[in-house]
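J.: Pasting target-v5.txt below, which is compact mmCIF, C-alpha atoms and all ligand atoms.
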# COMPACT_ATOMS: atom_id res chain seq x y z
CA MET A 9 -0.68 20.17 -14.95
CA ALA A 10 2.06 17.60 -14.45
CA CYS A 11 4.44 17.20 -17.36
CA GLN A 12 5.01 13.96 -19.23
CA ILE A 13 7.52 11.85 -17.33
CA GLN A 14 10.93 11.30 -18.90
CA PHE A 15 11.90 7.82 -17.75
CA PRO A 16 15.59 6.96 -17.68
CA ARG A 17 16.39 4.45 -20.42
CA SER A 18 17.44 0.89 -19.65
CA ILE A 19 17.32 -2.61 -21.05
CA SER A 20 17.42 -4.13 -17.54
CA THR A 21 14.27 -5.32 -15.81
CA VAL A 22 13.18 -7.00 -12.59
CA ARG A 23 10.60 -9.76 -12.24
CA VAL A 24 7.77 -8.73 -9.93
CA ARG A 25 5.34 -11.01 -8.17
CA LEU A 26 2.45 -9.80 -6.05
CA ILE A 27 1.88 -11.38 -2.64
CA ASP A 28 -1.47 -11.38 -0.89
CA THR A 29 -0.15 -11.09 2.66
CA THR A 30 -3.51 -12.50 3.92
CA GLY A 31 -3.86 -9.62 6.36
CA VAL A 32 -7.21 -7.88 6.38
CA MET A 33 -8.55 -5.27 8.73
CA VAL A 34 -11.22 -2.65 9.03
CA SER A 35 -10.20 0.96 9.57
CA ARG A 36 -12.16 4.11 10.14
CA SER A 37 -12.04 6.18 6.92
CA LYS A 38 -11.53 9.54 8.59
CA PRO A 39 -7.75 9.14 9.15
CA LEU A 40 -7.30 7.96 5.55
CA ILE A 41 -9.52 10.05 3.25
CA GLN A 42 -11.26 13.42 3.26
CA PRO A 43 -14.01 14.64 3.05
CA GLU A 44 -16.03 12.30 5.22
CA GLU A 45 -18.83 10.54 3.37
CA PRO A 46 -21.97 9.09 4.95
CA MET A 47 -22.04 5.29 4.55
CA LEU A 48 -18.28 5.32 4.00
CA GLU A 49 -17.22 5.57 7.61
CA TYR A 50 -15.06 2.44 7.32
CA LEU A 51 -12.70 0.98 4.74
CA ASN A 52 -11.65 -2.63 4.38
CA ILE A 53 -7.87 -2.72 4.32
CA TYR A 54 -6.12 -5.56 2.51
CA VAL A 55 -2.35 -5.65 2.36
CA ALA A 56 -0.16 -6.37 -0.67
CA ALA A 57 3.60 -7.02 -0.73
CA PHE A 58 5.97 -7.60 -3.65
CA LEU A 59 8.75 -10.05 -4.46
CA VAL A 60 11.22 -8.35 -6.80
CA GLU A 61 13.89 -10.46 -8.56
CA HIS A 62 16.94 -9.11 -10.32
CA LYS A 63 18.15 -11.79 -12.69
CA PRO A 64 21.65 -10.38 -13.51
CA SER A 65 22.71 -10.44 -9.84
CA GLY A 66 20.44 -13.32 -8.78
CA LYS A 67 19.15 -11.10 -5.97
CA LYS A 68 15.64 -11.29 -4.63
CA ILE A 69 14.19 -8.49 -2.54
CA MET A 70 10.93 -8.02 -0.70
CA PHE A 71 9.13 -4.69 -0.92
CA ASP A 72 7.04 -4.63 2.28
CA LEU A 73 5.96 -7.64 4.37
CA GLY A 74 2.37 -6.98 5.43
CA ILE A 75 1.18 -7.75 8.98
CA ARG A 76 2.76 -10.45 11.13
CA LYS A 77 0.39 -13.31 11.88
CA ASP A 78 1.03 -13.15 15.63
CA TYR A 79 0.28 -9.43 15.73
CA TRP A 80 -0.14 -9.67 19.51
CA ASN A 81 3.66 -9.90 19.66
CA TYR A 82 4.19 -6.46 18.15
CA PRO A 83 5.72 -3.85 20.52
CA ALA A 84 3.58 -2.54 23.38
CA ILE A 85 2.67 0.75 21.78
CA LEU A 86 1.13 -1.10 18.84
CA GLN A 87 -0.82 -3.47 21.06
CA LYS A 88 -2.28 -0.48 22.82
CA ARG A 89 -3.05 1.18 19.48
CA LEU A 90 -4.66 -1.95 18.01
CA SER A 91 -6.89 -2.22 21.06
CA GLU A 92 -7.97 1.40 20.70
CA VAL A 93 -8.40 2.12 16.99
CA ILE A 94 -8.81 -1.04 14.90
CA PRO A 95 -12.31 -2.58 14.85
CA ALA A 96 -11.39 -5.88 13.19
CA LEU A 97 -8.24 -7.75 12.16
CA ARG A 98 -7.30 -11.18 10.83
CA VAL A 99 -4.01 -12.48 9.46
CA GLU A 100 -3.85 -16.06 8.20
CA LYS A 101 -0.18 -16.36 7.28
CA ASP A 102 3.13 -14.61 7.62
CA VAL A 103 4.74 -13.54 4.35
CA THR A 104 7.69 -15.70 5.39
CA GLU A 105 5.37 -18.75 5.29
CA ILE A 106 3.98 -17.76 1.90
CA LEU A 107 7.49 -17.45 0.49
CA LYS A 108 8.54 -20.86 1.86
CA GLU A 109 5.37 -22.55 0.62
CA ASN A 110 6.35 -21.38 -2.83
CA GLY A 111 9.89 -22.71 -2.65
CA ILE A 112 11.61 -19.44 -1.74
CA GLN A 113 13.86 -19.72 1.30
CA LEU A 114 14.35 -16.68 3.51
CA ASP A 115 18.13 -16.72 3.02
CA GLU A 116 17.50 -16.12 -0.69
CA ILE A 117 16.07 -12.69 0.14
CA SER A 118 19.02 -10.31 0.06
CA THR A 119 17.05 -7.20 1.03
CA VAL A 120 13.81 -6.28 2.71
CA VAL A 121 12.67 -2.78 1.75
CA TRP A 122 10.18 -1.10 4.06
CA SER A 123 8.02 1.44 2.22
CA HIS A 124 7.78 2.76 5.77
CA TYR A 125 8.09 1.39 9.29
CA HIS A 126 4.38 1.00 10.18
CA TRP A 127 3.26 -2.34 11.62
CA ASP A 128 1.10 -3.34 8.65
CA HIS A 129 4.13 -3.21 6.31
CA ILE A 130 7.00 -4.69 8.31
CA GLY A 131 5.59 -8.17 9.07
CA ASN A 132 7.99 -10.23 11.11
CA THR A 133 11.21 -8.79 9.71
CA ALA A 134 13.24 -10.42 12.51
CA ALA A 135 12.41 -13.83 11.01
CA PHE A 136 14.76 -13.11 8.09
CA PRO A 137 18.38 -14.19 8.62
CA SER A 138 20.86 -11.48 9.57
CA THR A 139 22.32 -11.71 6.03
CA THR A 140 19.13 -10.04 4.74
CA GLU A 141 19.76 -6.29 4.79
CA LEU A 142 17.01 -3.85 5.65
CA VAL A 143 16.51 -0.73 3.53
CA VAL A 144 14.51 2.23 4.84
CA GLY A 145 13.68 5.74 3.67
CA PRO A 146 15.35 9.04 4.58
CA GLY A 147 15.18 10.23 8.17
CA PHE A 148 14.41 6.82 9.66
CA LYS A 149 17.61 6.41 11.67
CA LEU A 150 17.23 9.74 13.45
CA ALA A 151 13.44 9.72 13.84
CA PRO A 152 12.33 10.04 17.47
CA ASN A 153 11.33 6.87 19.35
CA ILE A 154 12.30 4.40 16.63
CA LEU A 155 15.86 3.14 17.21
CA PRO A 156 17.25 1.25 19.00
CA GLY A 157 13.80 -0.36 19.01
CA TYR A 158 11.48 -2.04 21.52
CA PRO A 159 11.94 -2.89 24.39
CA LEU A 160 15.17 -0.82 24.68
CA ASP A 161 12.91 2.11 23.91
CA PRO A 162 9.52 1.08 25.35
CA HIS A 163 7.72 3.52 23.02
CA SER A 164 9.30 2.27 19.81
CA PRO A 165 6.93 0.62 17.31
CA VAL A 166 9.70 -1.62 15.91
CA GLU A 167 11.48 -4.48 17.66
CA ALA A 168 15.16 -4.04 18.53
CA GLN A 169 15.66 -7.66 17.49
CA ILE A 170 15.10 -6.70 13.85
CA PHE A 171 18.32 -4.70 13.82
CA ALA A 172 20.56 -7.17 15.67
CA ASN A 173 23.56 -8.06 13.44
CA ARG A 174 21.69 -6.79 10.39
CA THR A 175 22.78 -4.17 7.88
CA LEU A 176 20.38 -1.24 8.08
CA ARG A 177 20.67 1.03 5.06
CA GLU A 178 18.90 4.35 4.77
CA VAL A 179 18.40 5.52 1.18
CA ASP A 180 20.24 8.74 0.49
CA PHE A 181 18.35 10.57 -2.23
CA ALA A 182 20.60 13.62 -1.86
CA SER A 183 23.67 11.76 -3.14
CA THR A 184 22.47 11.88 -6.77
CA ASP A 185 20.31 14.33 -8.66
CA LEU A 186 18.25 11.62 -10.34
CA HIS A 187 14.56 12.50 -10.52
CA ILE A 188 11.72 10.50 -12.07
CA GLY A 189 8.64 12.62 -12.54
CA ASP A 190 8.64 14.94 -9.52
CA TYR A 191 10.28 12.40 -7.23
CA PRO A 192 13.93 12.14 -6.21
CA ALA A 193 14.97 8.60 -7.20
CA HIS A 194 17.59 6.03 -6.22
CA ASP A 195 18.71 3.44 -8.78
CA PHE A 196 18.68 0.37 -6.53
CA PHE A 197 20.69 -2.10 -8.63
CA GLY A 198 22.54 0.57 -10.62
CA ASP A 199 21.19 -0.63 -13.98
CA GLY A 200 17.80 1.13 -14.20
CA SER A 201 15.76 -1.97 -13.37
CA PHE A 202 14.43 -0.87 -9.98
CA TYR A 203 14.22 2.53 -8.37
CA LEU A 204 13.21 3.76 -4.95
CA LEU A 205 11.31 7.06 -4.97
CA ASP A 206 11.23 9.68 -2.23
CA THR A 207 7.50 10.12 -1.46
CA PRO A 208 7.19 11.87 1.91
CA GLY A 209 4.16 12.85 3.97
CA HIS A 210 2.58 9.72 5.48
CA CYS A 211 5.39 9.18 7.99
CA ILE A 212 9.12 9.75 8.26
CA GLY A 213 10.98 7.95 5.49
CA HIS A 214 8.07 6.90 3.28
CA ILE A 215 9.33 5.58 -0.07
CA CYS A 216 7.81 3.95 -3.15
CA GLY A 217 9.31 1.44 -5.58
CA LEU A 218 9.40 1.75 -9.37
CA ALA A 219 10.07 -1.57 -11.08
CA ARG A 220 10.87 -1.77 -14.79
CA THR A 221 8.82 -4.73 -15.96
CA THR A 222 9.68 -4.60 -19.67
CA ALA A 223 12.83 -3.21 -21.27
CA ASP A 224 13.51 -0.37 -23.66
CA PRO A 225 12.39 0.49 -26.26
CA GLU A 226 9.06 -0.64 -24.79
CA SER A 227 9.65 0.01 -21.12
CA SER A 228 6.79 -0.46 -18.70
CA PHE A 229 6.76 -0.02 -14.94
CA LEU A 230 4.96 -0.98 -11.77
CA LEU A 231 4.88 1.75 -9.17
CA LEU A 232 4.80 0.07 -5.76
CA GLY A 233 2.98 2.75 -3.82
CA GLY A 234 3.15 1.65 -0.18
CA ASP A 235 0.96 4.12 1.73
CA ILE A 236 1.55 7.17 -0.46
CA CYS A 237 -2.21 7.15 0.01
CA HIS A 238 -4.68 4.52 1.19
CA PHE A 239 -7.40 4.59 -1.47
CA PRO A 240 -7.23 5.00 -5.27
CA GLY A 241 -9.94 7.68 -5.17
CA VAL A 242 -7.31 10.06 -3.72
CA PHE A 243 -5.66 10.34 -7.16
CA ARG A 244 -8.45 9.21 -9.53
CA PRO A 245 -10.10 10.45 -11.59
CA SER A 246 -7.70 13.15 -12.77
CA GLN A 247 -7.34 15.78 -15.44
CA GLN A 248 -5.21 13.30 -17.40
CA MET A 249 -7.40 10.27 -16.66
CA PRO A 250 -11.08 11.32 -16.48
CA LEU A 251 -13.77 8.99 -15.26
CA PRO A 252 -14.96 7.09 -18.36
CA ASP A 253 -18.55 7.47 -19.48
CA PRO A 254 -20.21 5.05 -19.42
CA ILE A 255 -18.28 3.07 -16.80
CA PRO A 256 -16.60 0.27 -18.79
CA ARG A 257 -18.14 -3.18 -18.61
CA GLY A 258 -16.51 -5.49 -16.10
CA VAL A 259 -15.68 -2.70 -13.64
CA LEU A 260 -18.85 -2.66 -11.55
CA ASP A 261 -19.88 -5.59 -9.41
CA PRO A 262 -22.96 -7.20 -11.01
CA ALA A 263 -24.26 -8.15 -7.56
CA LYS A 264 -24.72 -4.45 -6.72
CA ASN A 265 -27.51 -3.67 -9.17
CA PHE A 266 -25.79 -1.00 -11.18
CA PRO A 267 -27.39 -0.25 -14.57
CA LEU A 268 -25.94 -2.44 -17.33
CA LEU A 269 -24.70 0.64 -19.17
CA CYS A 270 -23.80 2.75 -16.17
CA PRO A 271 -23.37 6.50 -16.78
CA CYS A 272 -20.53 8.11 -14.85
CA THR A 273 -23.02 10.62 -13.43
CA LEU A 274 -24.12 7.88 -11.05
CA PHE A 275 -20.81 8.58 -9.30
CA THR A 276 -20.01 12.18 -10.27
CA ASP A 277 -23.41 13.42 -9.03
CA ASN A 278 -22.32 12.24 -5.59
CA HIS A 279 -18.72 13.41 -5.91
CA PRO A 280 -17.56 13.75 -2.29
CA ARG A 281 -15.84 17.08 -3.01
CA ARG A 282 -18.81 18.70 -4.76
CA PHE A 283 -19.44 21.09 -1.87
CA MET A 284 -15.82 22.18 -1.53
CA ALA A 285 -14.67 25.58 -2.79
CA SER A 286 -11.87 24.28 -5.00
CA PHE A 287 -14.08 21.79 -6.79
CA GLY A 288 -13.49 21.61 -10.55
CA ASP A 289 -14.69 19.29 -13.29
CA GLU A 290 -16.27 16.34 -11.48
CA ARG A 291 -15.04 13.79 -14.02
CA ARG A 292 -11.47 15.08 -13.70
CA THR A 293 -11.14 15.76 -9.96
CA PRO A 294 -9.95 13.07 -7.56
CA PHE A 295 -12.84 12.04 -5.29
CA PHE A 296 -10.85 12.46 -2.06
CA LEU A 297 -7.97 14.35 -0.49
CA ILE A 298 -5.33 13.46 2.08
CA PRO A 299 -7.01 14.23 5.45
CA THR A 300 -5.73 17.36 7.12
CA ASP A 301 -7.27 17.11 10.60
CA ALA A 302 -4.25 17.09 12.90
CA ASN A 303 -6.01 14.97 15.54
CA SER A 304 -7.12 12.16 13.29
CA SER A 305 -5.07 12.18 10.07
CA ALA A 306 -2.90 9.12 9.47
CA TYR A 307 -0.47 11.47 7.72
CA ILE A 308 2.16 13.29 9.80
CA ASP A 309 2.51 15.98 7.12
CA PRO A 310 -0.76 16.14 5.16
CA LYS A 311 0.34 19.00 2.91
CA THR A 312 3.50 17.19 1.83
CA ALA A 313 1.54 13.95 1.44
CA GLN A 314 -0.99 15.74 -0.78
CA GLY A 315 1.93 16.96 -2.92
CA SER A 316 3.35 13.43 -3.15
CA VAL A 317 -0.01 12.03 -4.24
CA GLU A 318 -0.58 14.81 -6.81
CA SER A 319 2.79 13.91 -8.32
CA LEU A 320 1.55 10.33 -8.55
CA ILE A 321 -1.09 11.35 -11.12
CA ALA A 322 1.53 11.75 -13.86
CA PHE A 323 2.53 8.11 -13.28
CA ASP A 324 -1.01 6.80 -12.87
CA SER A 325 -2.18 8.38 -16.12
CA HIS A 326 0.87 7.19 -18.06
CA PRO A 327 0.00 4.19 -20.25
CA ASP A 328 3.32 2.51 -19.37
CA VAL A 329 2.83 2.61 -15.59
CA MET A 330 0.50 0.67 -13.30
CA VAL A 331 0.23 2.05 -9.76
CA CYS A 332 -0.10 -0.55 -6.99
CA LEU A 333 -1.03 0.83 -3.55
CA ALA A 334 -0.30 -1.52 -0.65
CA HIS A 335 -3.93 -1.27 0.48
CA ASP A 336 -5.76 -1.33 -2.86
CA GLU A 337 -7.94 -4.37 -2.19
CA ASP A 338 -8.51 -4.96 -5.88
CA LEU A 339 -4.84 -5.85 -6.38
CA VAL A 340 -5.04 -8.99 -4.28
CA LYS A 341 -8.55 -9.78 -5.49
CA LYS A 342 -8.17 -9.22 -9.23
CA LEU A 343 -4.49 -9.78 -10.09
CA PRO A 344 -2.44 -13.00 -10.08
CA THR A 345 -0.58 -13.55 -6.81
CA LEU A 346 2.31 -15.70 -5.66
CA ASN A 347 -0.24 -17.38 -3.38
CA ASN A 348 -2.61 -18.60 -6.07
CA SER A 349 -0.45 -18.62 -9.19
CA PRO A 350 3.20 -18.86 -8.16
CA ASP A 351 4.75 -18.68 -11.63
CA ASN A 352 2.53 -15.83 -12.74
CA ASP A 353 4.41 -12.56 -12.45
CA LEU A 354 3.06 -9.10 -13.19
CA ASN A 355 5.66 -8.27 -15.84
CA SER A 356 3.32 -8.55 -18.81
CA TRP A 357 0.65 -6.45 -17.05
CA LYS A 358 0.35 -4.08 -20.00
CA GLN A 359 -0.02 -6.76 -22.66
CA ARG A 360 -2.58 -8.57 -20.49
CA GLY A 361 -4.64 -5.45 -19.77
CA LEU A 362 -4.28 -5.84 -16.00
CA LYS A 363 -4.35 -2.08 -15.36
CA ASP A 364 -7.91 -1.95 -16.74
CA LYS A 365 -8.91 -4.56 -14.17
CA ILE A 366 -8.01 -2.32 -11.22
CA THR A 367 -8.24 1.32 -12.32
CA TRP A 368 -11.93 1.98 -11.61
CA THR A 369 -12.97 -0.96 -9.43
CA TRP A 370 -12.68 1.24 -6.31
CA LEU A 371 -16.02 2.75 -7.39
CA ASN A 372 -17.60 -0.45 -6.06
CA HIS A 373 -16.45 0.48 -2.57
CA LEU A 374 -18.34 3.79 -2.56
CA PRO A 375 -21.86 4.07 -1.14
CA HIS A 376 -24.59 3.19 -3.62
CA ASN A 377 -28.38 3.48 -3.34
CA GLY A 378 -28.03 4.86 0.19
CA GLN A 379 -26.09 1.82 1.33
CA ALA A 380 -22.43 1.22 2.14
CA GLY A 381 -20.52 -0.17 -0.84
CA GLU A 382 -18.97 -2.92 1.25
CA ASN A 383 -19.67 -4.93 4.36
CA PHE A 384 -16.87 -5.46 6.86
CA ALA A 385 -14.42 -7.92 5.27
CA VAL A 386 -13.66 -9.28 8.74
CA GLU A 387 -15.59 -9.17 12.01
CA GLY A 388 -13.64 -8.75 15.24
CA PHE A 389 -10.13 -9.98 15.98
CA TRP A 390 -8.84 -13.40 14.98
CA ARG A 391 -6.05 -15.51 16.43
CA ASP A 392 -4.82 -18.88 15.10
CA GLY A 393 -7.86 -19.20 12.84
CA GLN A 394 -10.33 -18.60 15.69
CA HIS A 395 -12.40 -15.60 16.63
CA TRP A 396 -10.69 -13.86 19.58
CA PRO A 397 -13.41 -11.98 21.45
CA SER A 398 -11.21 -10.75 24.31
CA ALA A 399 -8.51 -9.37 21.98
CA LYS A 400 -9.10 -5.71 22.70
CA ASP A 401 -8.97 -6.21 26.48
CA GLU A 402 -5.92 -8.45 26.36
CA LEU A 403 -3.97 -6.28 23.91
CA GLY A 404 -4.95 -3.13 25.80
CA VAL A 405 -3.90 -4.44 29.20
CA LYS A 406 -0.63 -5.90 27.91
CA GLY A 407 0.20 -2.77 25.95
CA ARG A 408 -0.53 -0.35 28.79
CA GLU A 409 1.32 -2.44 31.37
CA ALA A 410 4.47 -2.57 29.26
CA LEU A 411 4.30 1.19 28.77
CA GLY A 412 3.75 1.76 32.47
CA ALA A 413 0.57 3.70 31.73
ZN ZN B 501 -0.44 0.75 5.75
Could you express the structure from this file as structure tokens?
Ligand SMILES: [Zn+2]
T.:
Amino acid sequence: MACQIQFPRSISTVRVRLIDTTGVMVSRSKPLIQPEEPMLEYLNIYVAAFLVEHKPSGKKIMFDLGIRKDYWNYPAILQKRLSEVIPALRVEKDVTEILKENGIQLDEISTVVWSHYHWDHIGNTAAFPSTTELVVGPGFKLAPNILPGYPLDPHSPVEAQIFANRTLREVDFASTDLHIGDYPAHDFFGDGSFYLLDTPGHCIGHICGLARTTADPESSFLLLGGDICHFPGVFRPSQQMPLPDPIPRGVLDPAKNFPLLCPCTLFTDNHPRRFMASFGDERRTPFFLIPTDANSSAYIDPKTAQGSVESLIAFDSHPDVMVCLAHDEDLVKKLPTLNNSPDNDLNSWKQRGLKDKITWTWLNHLPHNGQAGENFAVEGFWRDGQHWPSAKDELGVKGREALGA
């Protein structure tokens, strides 16, 4: 059992606003969660990003950028990949547009932090002025086929243009012995207001953010999870945070014909891991695991990723922490965003009971009554607000030609 986390003390905070990046796609579930469940072959993937402001220094940073609107301009290897593995994708706006619409100019952003370098988190980083530094996780600079970037390396998934005249800083967790929970931590502003956490396993250099949203003696935190995992059912329920019985009112979608007073057995009786050898108490065992199949897993090191996500449970079950995965669709649907409520930050999340709004809502996405929990959130590929029926052919041809394959 994970021990209670000893948070470093501080009276410094950051202001955090959630951005709905407007990207939405459909992904097969198999690379993202295990075991496979009938009627849960696909997951809708929404993408959150975060604007983090440090008042004492006046600095604003972005944690992740979502998907760039003109995704057909990503490097060749991604165009090929999109054409092969993604069934549906639509992006209405770039994060850069959303910032500007809300009165935030790009030269005000001192740092862009990538939770990791995957295409659905790095937006159009090159659109930021060269004065905006880029911060990445450990191992990024030496990872194979990344730098110097596309097209200098035709197989790189990141554009060389991003790095032109820009400071690229790789977090060095080894330089201090600071740990928060099980994670090595880096104190970003040096005053305990915002930390980066070393959370490996999904890809080289994956990091999370930990933002102090209220100060000592009543500190509270948002854990910006990136892709530490892709679905909340990978760390919920847990020994420390069992599935409530009955399921609290307001959690289940009334349109889905759940009983008014819904017993948790409606879900635990169909616990996806019930046939697995290591299965424990169904109310206290996460519903899914990080997928281990080497051919399909989205995680380069599933065992390490499983360790990272198990260490997340101590944060998730802590009353002073709210975990925000980049792809938890209930964040952008249930919480205030910069898009729809620009002055509404997440700092008072605890006082406003926002964690209760998102903790168990993922149950709605599970199969129910022999039917899929969700329909596809988007059908096919979209470009400039229009359906783009030939996307897969065009992206595939362009991608393969540029790769000479
Ligand atoms: Zn992602």
J.: Could you please extract the residues within 8 Å of ligand ZN 501 (chain B), counting only C-alpha atoms and all ligand atoms, and hand them back as JSON, numbers by chain?
T.: {"A": [55, 126, 127, 128, 129, 234, 235, 238, 334, 335]}
J.: When you look at A:Lys68 with a cut-off of 9 Å (counting all atoms listed in the file), what residues show up, excluding the ones that are within fewer than 6 positions of it in the same chain? I need them as an mmCIF file with C-alpha atoms, in the frame of the given file.
T.:
data_model
loop_
_atom_site.group_PDB
_atom_site.id
_atom_site.type_symbol
_atom_site.label_atom_id
_atom_site.label_comp_id
_atom_site.auth_asym_id
_atom_site.auth_seq_id
_atom_site.Cartn_x
_atom_site.Cartn_y
_atom_site.Cartn_z
ATOM 1 C CA LEU A 59 8.750 -10.050 -4.460
ATOM 2 C CA VAL A 60 11.220 -8.350 -6.800
ATOM 3 C CA GLU A 61 13.890 -10.460 -8.560
ATOM 4 C CA HIS A 62 16.940 -9.110 -10.320
ATOM 5 C CA GLU A 116 17.500 -16.120 -0.690
ATOM 6 C CA ILE A 117 16.070 -12.690 0.140
ATOM 7 C CA SER A 118 19.020 -10.310 0.060
ATOM 8 C CA THR A 119 17.050 -7.200 1.030
#
J.: Using only C-alpha atoms, find the one residue out of A:Pro16, A:Tyr158, A:Ser316, A:Pro256 that sits nearest to A:Gly198.
T.: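 Looking at the shortest contact to A:Gly198, the residue is A:Pro16.
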J.: Between A:Gly381, A:Pro162, A:Pro225, A:Pro299, which one has atoms that come closest to A:Asp328, using all atoms listed in the file?
T.: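 Between A:Gly381, A:Pro162, A:Pro225, A:Pro299, the residue approaching A:Asp328 most closely is A:Pro225.
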J.: Quote the spacing between atom CA of A:Gln247 and atom CA of A:Phe295 in Å to one decimal place.
T.: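 Separating atom CA of A:Gln247 from atom CA of A:Phe295 is a distance of 12.1 Å.
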J.: Please return as an mmCIF file with C-alpha atoms, in the coordinates of the input every residue within 10 Å of (-11.3, 12.8, 4.9), taking into account only C-alpha atoms and the file's own coordinates.
T.:
data_model
loop_
_atom_site.group_PDB
_atom_site.id
_atom_site.type_symbol
_atom_site.label_atom_id
_atom_site.label_comp_id
_atom_site.auth_asym_id
_atom_site.auth_seq_id
_atom_site.Cartn_x
_atom_site.Cartn_y
_atom_site.Cartn_z
ATOM 1 C CA SER A 37 -12.040 6.180 6.920
ATOM 2 C CA LYS A 38 -11.530 9.540 8.590
ATOM 3 C CA PRO A 39 -7.750 9.140 9.150
ATOM 4 C CA LEU A 40 -7.300 7.960 5.550
ATOM 5 C CA ILE A 41 -9.520 10.050 3.250
ATOM 6 C CA GLN A 42 -11.260 13.420 3.260
ATOM 7 C CA PRO A 43 -14.010 14.640 3.050
ATOM 8 C CA GLU A 44 -16.030 12.300 5.220
ATOM 9 C CA GLU A 45 -18.830 10.540 3.370
ATOM 10 C CA GLU A 49 -17.220 5.570 7.610
ATOM 11 C CA VAL A 242 -7.310 10.060 -3.720
ATOM 12 C CA PRO A 280 -17.560 13.750 -2.290
ATOM 13 C CA PHE A 296 -10.850 12.460 -2.060
ATOM 14 C CA LEU A 297 -7.970 14.350 -0.490
ATOM 15 C CA ILE A 298 -5.330 13.460 2.080
ATOM 16 C CA PRO A 299 -7.010 14.230 5.450
ATOM 17 C CA THR A 300 -5.730 17.360 7.120
ATOM 18 C CA ASP A 301 -7.270 17.110 10.600
ATOM 19 C CA SER A 304 -7.120 12.160 13.290
ATOM 20 C CA SER A 305 -5.070 12.180 10.070
#
J.: At most 10 Å is the cut-off: for each residue in stretch 146-240 of chain A with any atom that close to an atom of stretch 310-314 of chain A, write down the nearest atom pair and the distance in Å rounded to one decimal, counting only C-alpha atoms, chain first then increasing number, as CSV.
T.:
residue,atom,partner,partner_atom,distance
A:Thr207,CA,A:Ala313,CA,7.7
A:Pro208,CA,A:Ala313,CA,6.0
A:Gly209,CA,A:Ala313,CA,3.8
A:His210,CA,A:Ala313,CA,5.9
A:Cys211,CA,A:Ala313,CA,9.0
A:His214,CA,A:Ala313,CA,9.8
A:Asp235,CA,A:Ala313,CA,9.9
A:Ile236,CA,A:Ala313,CA,7.0
A:Cys237,CA,A:Ala313,CA,7.9
J.: At what distance in Å, to one decimal, does atom CA of A:Glu141 lie from atom CA of A:Thr175?
T.: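 Calculated distance between atom CA of A:Thr175 and atom CA of A:Glu141 is 4.8 Å.
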J.: What's the 8 Å shell around A:Leu269, counting all atoms listed in the file, without same-chain residues fewer than 6 positions away, as a PyMOL selection string?
T.: chain A and resi 254-255+257
J.: Please determine the residues with any atom at most 6 Å from (12.2, -1.2, 1.2) (coordinates as given in the file, with only C-alpha atoms counting) and report them as a VMD selection string.
T.: chain A and resid 71 120 to 123 143 to 144
J.: If I take atom CA of A:Asp253 and atom CA of A:Lys342, how far is one from the other in Å, to one decimal?
T.: 22.2 Å
J.: Quick one: of A:Arg281, A:Thr133, A:Thr369, A:Asp309, who's nearest to A:Pro262, counting only C-alpha atoms?
T.: A:Thr369
J.: Starting from 8 Å padding per side, set up an axis-aligned box that covers all listed atoms of stretch 113-117 of chain A and hand over centre and edge lengths in Å, one decimal, as AutoDock Vina command-line options.
T.:
--center_x 16.0 --center_y -16.2 --center_z 1.4 --size_x 20.3 --size_y 23.0 --size_z 20.2
J.: Show which residues sit within 8 Å of stretch 403-406 of chain A, as a list in words. Count all atoms listed in the file, and ignore same-chain residues fewer than 2 positions away.
T.: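 The residues satisfying every condition are Trp80, Ala84, Gln87, Lys88, Arg89, Leu90, Ser91, Glu92, Ala399, Lys400, Asp401, Arg408, Glu409 and Ala410 of chain A.
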J.: A:Ser356, A:Ser35, A:Thr293, A:Ser138: which is nearest A:Glu226, counting only C-alpha atoms?
T.: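 For A:Glu226, the nearest of the given residues is A:Ser356.
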J.: Find the residues around A:Gly147 up to 9 Å (only C-alpha atoms counted), leave out those fewer than 4 positions away in its own chain, and share them as a PDB file with C-alpha atoms, keeping the file's coordinate frame.
T.:
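around_16.pdb written:
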ATOM      1  CA  ALA A 151      13.440   9.720  13.840  1.00  0.00           C
ATOM      2  CA  GLU A 178      18.900   4.350   4.770  1.00  0.00           C
ATOM      3  CA  ILE A 212       9.120   9.750   8.260  1.00  0.00           C
ATOM      4  CA  GLY A 213      10.980   7.950   5.490  1.00  0.00           C
TER       5      GLY A 213
END
J.: Leaving out A:Pro159 and any residue of its chain fewer than 3 positions from it, which residues lie within 12 Å of it when counting all atoms listed in the file, given as a PyMOL selection string?
T.: chain A and resi 81-85+153-156+162-170+407+410-411
J.: In terms of the shortest atom-to-atom distance over all atoms listed in the file, which of A:Leu260, A:Leu86, A:Val93, A:Leu374 is closest to A:Arg36?
T.: A:Val93
J.: Identify which of the residues A:Phe243, A:Phe58, A:Phe283, A:Tyr125 lies closest to A:Ala322, counting only C-alpha atoms when measuring atom-to-atom distances.
T.: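 Closest candidate: A:Phe243.
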